[in-house]
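Source file: work-v7.cif. Holds: mmCIF, C-alpha atoms.
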```
data_work
#
loop_
_atom_site.label_atom_id
_atom_site.label_comp_id
_atom_site.auth_asym_id
_atom_site.auth_seq_id
_atom_site.Cartn_x
_atom_site.Cartn_y
_atom_site.Cartn_z
CA MET A 11 -7.85 0.18 -38.71
CA ASN A 12 -9.66 1.65 -35.67
CA LYS A 13 -10.04 -1.85 -34.22
CA ALA A 14 -6.29 -2.41 -34.51
CA LYS A 15 -5.61 0.86 -32.71
CA VAL A 16 -7.91 -0.16 -29.87
CA ILE A 17 -6.15 -3.53 -29.50
CA ILE A 18 -2.72 -1.86 -29.44
CA LEU A 19 -3.94 0.69 -26.89
CA CYS A 20 -5.29 -2.08 -24.63
CA ILE A 21 -1.96 -3.93 -24.82
CA LEU A 22 -0.05 -0.75 -23.86
CA VAL A 23 -2.38 0.03 -20.93
CA THR A 24 -2.14 -3.55 -19.62
CA SER A 25 1.66 -3.49 -19.91
CA SER A 26 1.85 -0.22 -18.00
CA LEU A 27 -0.33 -1.63 -15.21
CA ILE A 28 1.90 -4.69 -14.92
CA LEU A 29 5.05 -2.55 -14.81
CA THR A 30 3.50 -0.29 -12.18
CA ALA A 31 2.57 -3.29 -10.06
CA ASN A 32 6.08 -4.68 -10.28
CA VAL A 33 7.60 -1.38 -9.23
CA TRP A 34 5.24 -0.59 -6.36
CA PHE A 35 4.01 -3.95 -5.18
CA ASP A 36 6.84 -6.38 -6.02
CA GLY A 37 4.60 -8.08 -8.56
CA ILE A 38 0.89 -8.55 -9.15
CA SER A 39 0.50 -11.22 -6.47
CA SER A 40 1.43 -8.83 -3.66
CA MET A 41 -0.94 -6.00 -4.54
CA TRP A 42 -3.11 -5.19 -1.53
CA VAL A 43 -6.56 -5.27 -3.11
CA PHE A 44 -7.43 -8.84 -2.11
CA ASN A 45 -6.38 -11.37 0.51
CA THR A 46 -3.91 -13.71 -1.13
CA LYS A 47 -2.41 -16.99 0.04
CA THR A 48 0.08 -19.05 -1.93
CA LYS A 49 2.11 -22.12 -1.08
CA ASP A 50 5.06 -19.88 -0.29
CA SER A 51 3.32 -17.13 1.64
CA TYR A 52 0.93 -16.90 4.57
CA THR A 53 0.68 -13.12 4.44
CA GLU A 54 -2.73 -11.57 4.13
CA LEU A 55 -4.14 -8.15 3.44
CA ILE A 56 -2.82 -5.43 5.73
CA ASP A 57 -5.47 -2.84 6.48
CA ARG A 58 -3.89 0.60 5.97
CA GLU A 59 -6.39 2.47 8.11
CA ILE A 60 -6.95 0.27 11.17
CA THR A 61 -3.82 -1.26 12.68
CA PHE A 62 -3.36 -1.98 16.35
CA VAL A 63 0.44 -1.62 16.30
CA THR A 64 1.26 1.81 14.87
CA PRO A 65 4.35 3.79 15.91
CA SER A 66 3.83 7.01 17.84
CA LYS A 67 7.20 8.16 16.50
CA LEU A 68 9.05 7.04 13.37
CA THR A 69 12.67 7.93 12.66
CA ILE A 70 15.23 6.73 10.11
CA PHE A 71 18.99 6.47 10.48
CA ASP A 72 21.28 7.41 7.58
CA ASN A 73 24.50 5.46 8.02
CA VAL A 74 26.44 7.64 5.55
CA ASN A 75 25.90 10.95 7.33
CA LYS A 76 25.33 9.32 10.76
CA GLU A 77 22.11 11.29 11.19
CA PHE A 78 18.60 10.50 12.46
CA TYR A 79 15.60 11.99 10.67
CA LEU A 80 12.12 12.33 12.19
CA ILE A 81 9.08 11.60 10.04
CA LYS A 82 6.07 13.31 11.62
CA ARG A 83 2.74 11.49 11.88
CA THR A 84 1.05 14.20 9.84
CA ARG A 85 3.30 13.65 6.80
CA ALA A 86 2.28 11.35 3.95
CA GLU A 87 5.68 9.62 4.18
CA PHE A 88 4.76 8.38 7.67
CA ASP A 89 1.83 6.26 6.44
CA GLU A 90 3.79 5.12 3.39
CA LEU A 91 6.87 3.97 5.31
CA ASN A 92 4.80 2.47 8.13
CA PHE A 93 2.89 0.41 5.55
CA THR A 94 5.99 -0.87 3.71
CA THR A 95 7.67 -1.59 7.04
CA ARG A 96 4.70 -3.74 8.02
CA LYS A 97 5.10 -5.72 4.78
CA LEU A 98 8.78 -6.19 5.55
CA MET A 99 8.08 -7.32 9.12
CA GLN A 100 5.60 -9.89 7.83
CA GLN A 101 8.47 -11.63 6.05
CA VAL A 102 10.89 -11.18 8.94
CA PHE A 103 8.46 -12.82 11.38
CA LEU A 104 7.70 -15.58 8.91
CA ASN A 105 11.25 -16.45 7.83
CA GLY A 106 13.55 -15.09 10.54
CA LYS A 107 15.62 -16.78 13.23
CA TYR A 108 14.88 -15.63 16.78
CA GLU A 109 17.34 -15.05 19.64
CA LEU A 110 16.71 -13.42 23.03
CA ILE A 111 19.60 -11.24 24.16
CA GLU A 112 20.17 -9.95 27.69
CA GLY A 113 20.96 -6.25 27.48
CA ILE A 114 20.65 -3.67 24.70
CA ASN A 115 23.65 -2.92 22.51
CA TRP A 116 22.62 0.54 21.27
CA THR A 117 25.85 1.03 19.32
CA LYS A 118 25.27 -2.14 17.29
CA LEU A 119 21.69 -1.15 16.48
CA TRP A 120 22.81 1.76 14.31
CA GLU A 121 25.77 0.26 12.46
CA THR A 122 23.85 0.52 9.19
CA ASN A 123 20.77 2.19 7.70
CA ALA A 124 17.80 1.60 9.98
CA ILE A 125 14.17 2.41 10.75
CA ASN A 126 13.25 3.14 14.37
CA LEU A 127 9.70 2.60 15.61
CA ASP A 128 8.72 4.04 19.00
CA LEU A 129 5.40 2.29 19.63
CA GLY A 130 4.36 4.38 22.62
CA ILE A 131 2.82 1.27 24.23
CA LYS A 132 4.10 -2.16 25.21
CA VAL A 133 2.93 -5.00 23.01
CA GLN A 134 3.61 -8.73 23.00
CA LEU A 135 5.22 -10.50 20.07
CA ASP A 136 2.09 -12.58 19.44
CA GLU A 137 -0.04 -9.44 19.34
CA TRP A 138 2.05 -7.85 16.59
CA ILE A 139 2.16 -11.11 14.61
CA GLU A 140 -1.66 -11.25 14.87
CA ASP A 141 -1.91 -7.64 13.74
CA LEU A 142 0.21 -8.44 10.67
CA HIS A 143 -1.94 -11.49 9.76
CA VAL A 144 1.09 -13.77 9.76
CA LYS A 145 0.58 -17.48 10.37
CA LYS A 146 1.99 -18.08 13.84
CA LYS A 147 5.22 -19.96 14.18
CA LYS A 148 5.93 -21.85 17.37
CA ASN A 149 8.65 -20.16 19.39
CA ASP A 150 9.54 -19.47 23.00
CA TYR A 151 9.06 -15.72 22.74
CA SER A 152 5.31 -15.32 22.14
CA ASN A 153 4.83 -13.31 25.34
CA PHE A 154 7.93 -11.15 24.93
CA GLU A 155 6.94 -7.50 25.51
CA PHE A 156 8.57 -4.57 23.75
CA ASP A 157 7.89 -0.90 23.02
CA THR A 158 10.69 -0.06 20.59
CA VAL A 159 11.70 -1.65 17.28
CA VAL A 160 14.87 -1.05 15.28
CA ILE A 161 14.97 -2.54 11.77
CA GLN A 162 18.41 -2.83 10.21
CA MET A 163 18.60 -3.11 6.42
CA HIS A 164 21.69 -4.88 5.12
CA ASP A 165 22.49 -5.70 1.48
CA SER A 166 21.23 -9.29 1.62
CA SER A 167 19.40 -9.58 4.95
CA CYS A 168 17.19 -7.76 7.40
CA SER A 169 17.57 -7.69 11.19
CA ALA A 170 14.78 -6.60 13.52
CA TYR A 171 15.45 -5.79 17.16
CA LEU A 172 12.45 -5.76 19.50
CA ILE A 173 13.49 -3.84 22.60
CA ASN A 174 12.21 -3.86 26.16
CA GLU A 175 14.05 -0.96 27.79
CA GLU A 176 12.49 -1.50 31.23
CA GLU A 177 13.76 -5.09 31.46
CA ASN A 178 16.91 -4.36 29.41
CA LYS A 179 16.26 -7.16 26.91
CA THR A 180 16.36 -7.48 23.13
CA LEU A 181 14.70 -10.03 20.85
CA GLU A 182 16.80 -10.29 17.70
CA ILE A 183 15.18 -11.65 14.51
CA ILE A 184 17.35 -12.10 11.41
CA ALA A 185 15.91 -13.02 8.00
CA ASN A 186 18.11 -13.59 4.94
CA ASP A 187 15.75 -15.46 2.59
CA LYS A 188 15.27 -14.21 -0.97
CA THR A 189 11.78 -12.73 -0.49
CA THR A 190 12.80 -10.75 2.58
CA ALA A 191 16.02 -9.59 0.94
CA GLN A 192 14.16 -8.24 -2.11
CA LEU A 193 11.61 -6.35 -0.03
CA ASN A 194 14.39 -5.18 2.27
CA GLN A 195 16.15 -3.57 -0.71
CA THR A 196 12.98 -1.76 -1.74
CA VAL A 197 12.53 -0.31 1.75
CA LEU A 198 16.25 0.50 2.00
CA GLN A 199 16.20 2.53 -1.22
CA ARG A 200 13.19 4.45 0.05
CA VAL A 201 14.95 5.23 3.35
CA ILE A 202 18.04 6.45 1.46
CA SER A 203 15.83 8.58 -0.80
CA LEU A 204 14.06 10.17 2.20
CA SER A 205 17.42 10.86 3.89
CA GLU A 206 18.74 12.62 0.80
CA LYS A 207 15.70 14.88 0.33
CA GLY A 208 16.79 17.25 3.06
CA ASN A 209 13.25 18.19 4.12
CA LEU A 210 13.03 16.10 7.30
CA GLU A 211 13.87 17.25 10.82
CA ILE A 212 17.28 16.10 12.04
CA VAL A 213 17.09 14.67 15.55
CA GLU A 214 19.60 13.16 17.96
CA SER A 215 19.24 10.00 20.01
CA THR A 216 20.09 10.09 23.70
CA LYS A 217 21.35 6.49 23.61
CA TYR A 218 23.39 6.97 20.42
CA SER A 219 24.94 10.11 21.93
CA GLY A 220 25.52 8.45 25.31
CA ILE A 221 23.45 10.93 27.34
CA MET A 222 23.05 9.09 30.63
CA GLU A 223 20.45 11.32 32.34
CA PHE A 224 17.68 9.66 30.30
CA SER A 225 16.67 6.09 31.14
CA ASN A 226 15.00 5.45 27.77
CA ASN A 227 16.03 6.41 24.28
CA ILE A 228 14.56 9.83 23.43
CA PHE A 229 14.90 11.80 20.22
CA PHE A 230 15.54 15.54 20.55
CA GLN A 231 15.82 17.98 17.67
CA LYS A 232 19.44 18.60 16.80
CA GLU A 233 18.89 22.34 16.55
CA LYS A 234 19.15 23.83 20.02
CA SER A 235 16.56 26.54 19.41
CA GLY A 236 13.74 27.24 17.01
CA VAL A 237 10.38 28.88 16.40
CA ILE A 238 7.09 27.10 17.00
CA SER A 239 3.52 28.00 16.14
CA ASN A 240 1.40 28.56 19.26
CA PRO A 241 -2.26 28.78 18.14
CA VAL A 242 -5.17 29.81 20.33
CA PHE A 243 -7.61 27.03 21.23
CA GLU A 244 -11.19 28.22 21.62
CA ILE A 245 -12.52 25.23 23.61
CA TYR A 246 -16.26 24.94 24.00
CA THR A 247 -18.91 22.52 25.26
CA PRO A 248 -21.28 21.47 22.47
CA PHE A 249 -25.08 21.78 22.51
CA ILE A 250 -25.02 24.81 24.83
CA GLU A 251 -26.61 28.01 23.53
CA ALA A 252 -26.67 31.43 25.18
CA GLU A 253 -24.32 30.12 27.91
CA THR A 254 -26.87 27.96 29.74
CA GLN A 255 -29.57 26.97 27.24
CA VAL A 256 -29.34 23.34 26.06
CA ASN A 257 -30.25 22.51 22.47
CA LEU A 258 -31.99 19.16 23.08
CA SER A 259 -32.62 18.48 19.38
CA ASP A 260 -28.85 18.70 18.70
CA VAL A 261 -28.13 16.39 21.64
CA GLU A 262 -30.63 13.87 20.29
CA ALA A 263 -29.17 14.07 16.78
CA PHE A 264 -25.75 13.35 18.31
CA VAL A 265 -27.03 10.41 20.37
CA ASN A 266 -29.12 8.77 17.61
CA PRO A 267 -26.26 6.99 15.72
CA PHE A 268 -25.43 4.99 18.87
CA PHE A 269 -28.80 3.21 18.59
CA PRO A 270 -29.49 0.70 15.76
CA ASN A 271 -33.08 1.98 15.74
CA SER A 272 -33.15 5.52 17.11
CA ALA A 273 -36.95 5.54 17.08
CA SER A 274 -36.97 2.88 19.80
CA LYS A 275 -34.98 4.91 22.31
CA TYR A 276 -36.54 7.03 25.03
CA MET A 277 -35.32 9.58 27.55
CA VAL A 278 -35.05 8.54 31.18
CA GLU A 279 -35.99 11.10 33.80
CA GLY A 280 -33.35 11.33 36.53
CA ASP A 281 -32.50 13.29 39.65
CA ASN A 282 -29.53 15.04 38.04
CA SER A 283 -30.65 17.62 35.46
CA LYS A 284 -27.05 17.92 34.19
CA ILE A 285 -27.09 14.35 32.84
CA LEU A 286 -29.31 13.41 29.91
CA THR A 287 -30.00 9.66 29.67
CA TYR A 288 -31.35 7.81 26.63
CA ARG A 289 -31.92 4.08 26.39
CA ASP A 290 -33.65 1.18 24.70
CA GLU A 291 -33.87 -2.49 25.73
CA ARG A 292 -30.12 -3.05 25.76
CA LEU A 293 -28.32 0.28 25.25
CA ILE A 294 -27.85 3.20 27.65
CA VAL A 295 -26.33 6.50 26.48
CA LYS A 296 -25.64 9.31 28.94
CA TYR A 297 -24.47 12.81 28.17
CA ASN A 298 -23.11 14.99 30.97
CA LEU A 299 -23.91 18.57 29.98
CA GLU A 300 -21.62 20.12 32.58
CA GLN A 301 -18.52 18.04 31.89
CA GLY A 302 -19.13 17.35 28.20
CA ILE A 303 -18.75 13.56 28.65
CA ILE A 304 -20.59 10.96 26.55
CA GLU A 305 -20.98 7.47 28.05
CA TYR A 306 -22.33 4.41 26.23
CA SER A 307 -23.13 0.97 27.71
CA ASP A 308 -24.41 -2.21 26.05
CA ILE A 309 -25.82 -4.29 28.89
CA SER A 310 -26.46 -7.29 26.60
CA VAL A 311 -22.78 -8.03 25.90
CA GLY A 312 -21.14 -10.81 27.93
CA LYS A 313 -17.43 -11.28 28.47
CA GLY A 314 -17.23 -14.33 26.18
CA ALA A 315 -14.19 -16.35 25.17
CA ALA A 316 -10.57 -15.27 24.64
CA LEU A 317 -10.32 -12.36 22.22
CA ASN A 318 -8.15 -11.44 19.26
CA LEU A 319 -6.64 -8.11 20.29
CA SER A 320 -6.17 -6.84 16.74
CA SER A 321 -9.81 -7.59 15.87
CA ALA A 322 -10.96 -6.01 19.13
CA TYR A 323 -9.03 -2.84 18.29
CA LYS A 324 -10.65 -2.67 14.86
CA SER A 325 -14.06 -3.06 16.53
CA ALA A 326 -13.22 -0.14 18.82
CA ILE A 327 -12.15 2.12 15.95
CA SER A 328 -15.16 1.16 13.82
CA PHE A 329 -17.50 1.87 16.74
CA MET A 330 -16.13 5.38 17.13
CA GLU A 331 -17.55 6.23 13.71
CA LYS A 332 -20.91 6.46 15.51
CA ASP A 333 -19.52 9.43 17.43
CA LEU A 334 -19.93 12.13 14.81
CA LEU A 335 -18.02 14.75 16.82
CA VAL A 336 -14.77 12.75 16.94
CA ALA A 337 -14.52 12.26 13.18
CA ASN A 338 -12.16 15.15 12.40
CA GLN A 339 -10.01 15.00 15.51
CA GLU A 340 -6.52 13.55 15.80
CA ILE A 341 -6.30 10.75 18.37
CA HIS A 342 -3.78 8.05 19.19
CA LEU A 343 -3.72 4.91 21.30
CA SER A 344 -1.94 5.68 24.58
CA ASN A 345 -2.53 2.45 26.52
CA TYR A 346 -4.48 -0.79 26.64
CA LYS A 347 -5.09 -3.78 28.88
CA VAL A 348 -6.90 -7.11 28.77
CA VAL A 349 -8.93 -8.17 31.84
CA ASP A 350 -11.17 -11.27 31.92
CA ASN A 351 -11.34 -11.49 28.11
CA GLU A 352 -12.26 -7.82 27.83
CA ALA A 353 -10.00 -5.38 25.96
CA TYR A 354 -9.70 -1.83 27.31
CA PHE A 355 -8.33 0.78 24.88
CA TYR A 356 -7.34 4.28 25.97
CA PHE A 357 -6.85 7.16 23.54
CA GLU A 358 -5.47 10.68 23.84
CA TYR A 359 -5.95 13.74 21.63
CA THR A 360 -3.25 15.30 19.48
CA TYR A 361 -3.08 18.46 17.40
CA ASP A 362 -0.63 19.11 14.57
CA ASP A 363 1.55 16.20 15.71
CA TYR A 364 1.73 17.38 19.33
CA ASP A 365 0.00 15.50 22.16
CA ILE A 366 -2.72 17.29 24.11
CA VAL A 367 -1.95 16.46 27.74
CA ILE A 368 -4.78 16.49 30.27
CA PRO A 369 -3.28 16.70 33.79
CA TYR A 370 -3.86 13.76 36.14
CA ALA A 371 -5.76 15.97 38.58
CA THR A 372 -8.20 17.04 35.84
CA LYS A 373 -8.77 13.44 34.80
CA SER A 374 -9.46 12.52 38.41
CA ASP A 375 -11.96 15.36 38.81
CA LEU A 376 -13.77 14.24 35.64
CA GLY A 377 -13.73 10.56 36.62
CA ILE A 378 -11.86 9.44 33.49
CA SER A 379 -8.75 7.31 32.96
CA ALA A 380 -8.16 8.86 29.54
CA PRO A 381 -10.03 11.27 27.25
CA ILE A 382 -11.38 8.26 25.35
CA GLU A 383 -11.99 4.76 26.77
CA VAL A 384 -13.39 1.86 24.75
CA VAL A 385 -14.10 -1.62 26.14
CA VAL A 386 -14.58 -4.53 23.73
CA SER A 387 -16.21 -7.77 24.93
CA ASN A 388 -17.23 -10.74 22.79
CA GLY A 389 -16.29 -8.88 19.61
CA LYS A 390 -18.55 -5.92 20.43
CA VAL A 391 -18.12 -2.60 22.20
CA SER A 392 -19.72 -2.91 25.64
CA PHE A 393 -18.59 0.45 27.03
CA TYR A 394 -17.49 3.78 25.56
CA LYS A 395 -16.65 7.00 27.37
CA ARG A 396 -15.28 10.20 25.88
CA LEU A 397 -14.50 13.67 27.09
CA ILE A 398 -15.78 15.72 24.15
CA PHE A 399 -12.97 18.12 23.30
CA ASN A 400 -14.38 20.57 20.77
CA TYR A 401 -12.36 23.60 19.78
CA ASN A 402 -11.82 26.24 17.16
CA ILE A 403 -8.29 27.24 16.25
CA THR A 404 -7.37 30.85 15.64
CA MET A 405 -4.01 32.26 14.64
CA GLY A 406 -1.89 32.74 17.72
CA THR A 407 1.76 33.65 17.90
CA PHE A 408 5.09 32.24 16.82
CA GLU A 409 7.17 31.51 19.88
CA SER A 410 10.89 30.97 20.33
CA VAL A 411 11.52 27.58 21.90
CA ASN A 412 14.56 26.14 23.65
CA LEU A 413 15.03 22.66 22.10
CA ASP A 414 18.16 21.70 24.01
CA TYR A 415 17.78 18.59 26.18
CA GLN A 416 20.16 20.21 28.68
CA TYR A 417 17.61 23.00 29.17
CA VAL A 418 15.01 20.38 30.14
CA LEU A 419 17.38 18.73 32.61
CA ASP A 420 18.51 22.03 34.14
CA SER A 421 14.88 23.17 34.57
CA ILE A 422 14.04 20.04 36.54
CA LYS A 423 17.15 20.26 38.70
CA LYS A 424 16.13 23.76 39.82
CA ASP A 425 13.19 22.27 41.69
CA SER A 426 14.73 18.95 42.75
CA VAL A 427 17.90 18.21 44.67
CA LYS A 428 18.13 14.76 43.16
CA ILE A 429 16.02 13.38 40.33
CA LYS A 430 15.61 9.95 38.82
CA PRO A 431 16.60 9.52 35.15
CA ILE A 432 13.98 10.90 32.74
CA SER A 433 12.03 8.25 30.84
CA ASP A 434 10.41 10.61 28.34
CA ALA A 435 10.48 14.29 27.30
CA TYR A 436 8.44 16.02 24.61
CA ILE A 437 6.67 19.23 23.65
CA ALA A 438 2.87 19.13 24.09
CA TYR A 439 -0.24 21.22 24.58
CA ILE A 440 -1.36 21.24 28.22
CA TYR A 441 -5.11 21.55 28.76
CA TYR A 442 -6.21 23.78 31.64
CA SER A 443 -9.88 23.01 32.32
CA ASP A 444 -10.48 26.01 34.60
CA ARG A 445 -9.45 28.44 31.83
CA LYS A 446 -10.62 26.27 28.92
CA GLU A 447 -7.21 26.84 27.34
CA CYS A 448 -4.27 24.88 25.95
CA GLU A 449 -0.72 26.07 26.52
CA ILE A 450 2.35 24.71 24.76
CA SER A 451 5.01 23.38 27.11
CA TRP A 452 7.84 20.94 27.60
CA VAL A 453 6.78 17.77 29.41
CA ALA A 454 9.30 15.50 31.16
CA GLU A 455 8.41 12.28 32.96
CA ASN A 456 9.89 9.68 35.28
CA ASP A 457 7.80 8.61 38.26
CA GLN A 458 6.27 12.10 38.17
CA ARG A 459 5.46 14.68 35.50
CA PHE A 460 7.27 18.00 35.08
CA LEU A 461 5.82 20.90 33.06
CA ILE A 462 8.56 23.23 31.78
CA PRO A 463 8.16 26.53 29.89
CA ILE A 464 9.30 26.28 26.27
CA LYS A 465 11.88 29.05 26.79
#
```
As structure tokens - that is how I would like this structure written.
Amino acid sequence: MNKAKVIILCILVTSSLILTANVWFDGISSMWVFNTKTKDSYTELIDREITFVTPSKLTIFDNVNKEFYLIKRTRAEFDELNFTTRKLMQQVFLNGKYELIEGINWTKLWETNAINLDLGIKVQLDEWIEDLHVKKKKNDYSNFEFDTVVIQMHDSSCSAYLINEEENKTLEIIANDKTTAQLNQTVLQRVISLSEKGNLEIVESTKYSGIMEFSNNIFFQKEKSGVISNPVFEIYTPFIEAETQVNLSDVEAFVNPFFPNSASKYMVEGDNSKILTYRDERLIVKYNLEQGIIEYSDISVGKGAALNLSSAYKSAISFMEKDLLVANQEIHLSNYKVVDNEAYFYFEYTYDDYDIVIPYATKSDLGISAPIEVVVSNGKVSFYKRLIFNYNITMGTFESVNLDYQYVLDSIKKDSVKIKPISDAYIAYIYYSDRKECEISWVAENDQRFLIPIK
């Protein structure tokens, strides 16, 4: 009798697992635990944690209420929707028909429910296809660059629009095969569900609303005023005790993970007492005590052959695990370039979904292009440089903030007789190195940067 109960229980558990897989993964074959290839699919495992192409801003458009909703990077729904969108784009790239369109028809883009991805960087079509592990299809658009993606979800098809606002061009990809249509419906229902929850911020699009003073599409909160938390950043330089005393054992413990065999490293005596240098036969690690900058070089790495940008990015992220002080900090990719088969990745800090902006003058004084720079050559990190940005957060104040885009425009016009259209505007924390403080502010950019009080 007990044996029969066990058999029945096993059958029920197995059935529940199958049903769960069908609901969440569109069947057992598309679960993400293993790489899978069938005769009908060239898609592979998508790594949830390390993806080169990740939106800096994700919004959804509800065609019923004609509203845009912002999904913040710190919300669980961001990772979930980004992941399912990547699955959908795999099928669109694989099965879609491509057409390059001169101009951007913003009205057409939001004729139905849609997902909007602001990538924050320009990427080429081939680079995103690589990042999605899709078998490349020959087309004439491999080098097409874009920084914005709008994904339209129709009843029986999916349309993706890859947008280059600077060149005023759109690459339209339409897929209406059965596999794409089924996955499209799953994503569509999730978008509708998120829209109906009522717990997402409502934002407005400058292009949808026809606001001409902005050259690019920017999302502003629909509420014209609000209250924002303004915490106090207690920024400090690590390894310094009693203001000037350096804790060398802590510095060494920090440096050790950068060496495969920390026992083989040794300290190099130099002329500058503010820079501690450790090295072995091929690695050199410097720590600038005054500036709080760590610099790593692997002199054994050559430039090598052409690289896979997605793999290079994963190498960069994996390498940063050696830096124990960056583990709990929010960072995002702000720029990249490829020079002579070397990939340069630049990262900025964020806190609570707001960028931490380091002024250009401060970067110049510190000799950095970005707070974090990683160079990958021949599949390995050859150079790493980071401004260590350690801080404690204490409860600050709640500040009233003017969220109206017109306030931003009027503030700029006070100081300028004539201004070029604004390419971006956002609220951020501005780092002031002389005071070791961060201050929340509006930031607006075109060919220059404007810092505007929040009220």
(Q) Can you translate the PyMOL selection byres ((chain A and resi 397) around 10) into the concrete residues it hits in this file, as a PyMOL selection string? (A) chain A and resi 298+301-305+373+376+378+380-383+395-396+398-400
Q: Run the PyMOL selection byres ((chain A and resi 436) around 6) against the file shown and list the residues it catches, as JSON, numbers by chain.
A: {"A": [435, 437, 452, 453]}
**Q.** Selection result of the PyMOL selection byres ((chain A and resi 362) around 9) on this file, as an MDAnalysis selection string
**A.** chainID A and resid 83:84 340 360:361 363:365
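The interatomic distance for the pair CA of Phe78 (chain A) and CA of Ser215 (chain A) works out to 7.6 Å.
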Q | Residue nearest Asn178 (chain A) - candidates A:Phe230, A:Tyr108, A:Tyr415, A:Trp116, atoms counted: only C-alpha atoms | A |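 Closest to Asn178 (chain A) of all the choices is A:Trp116.
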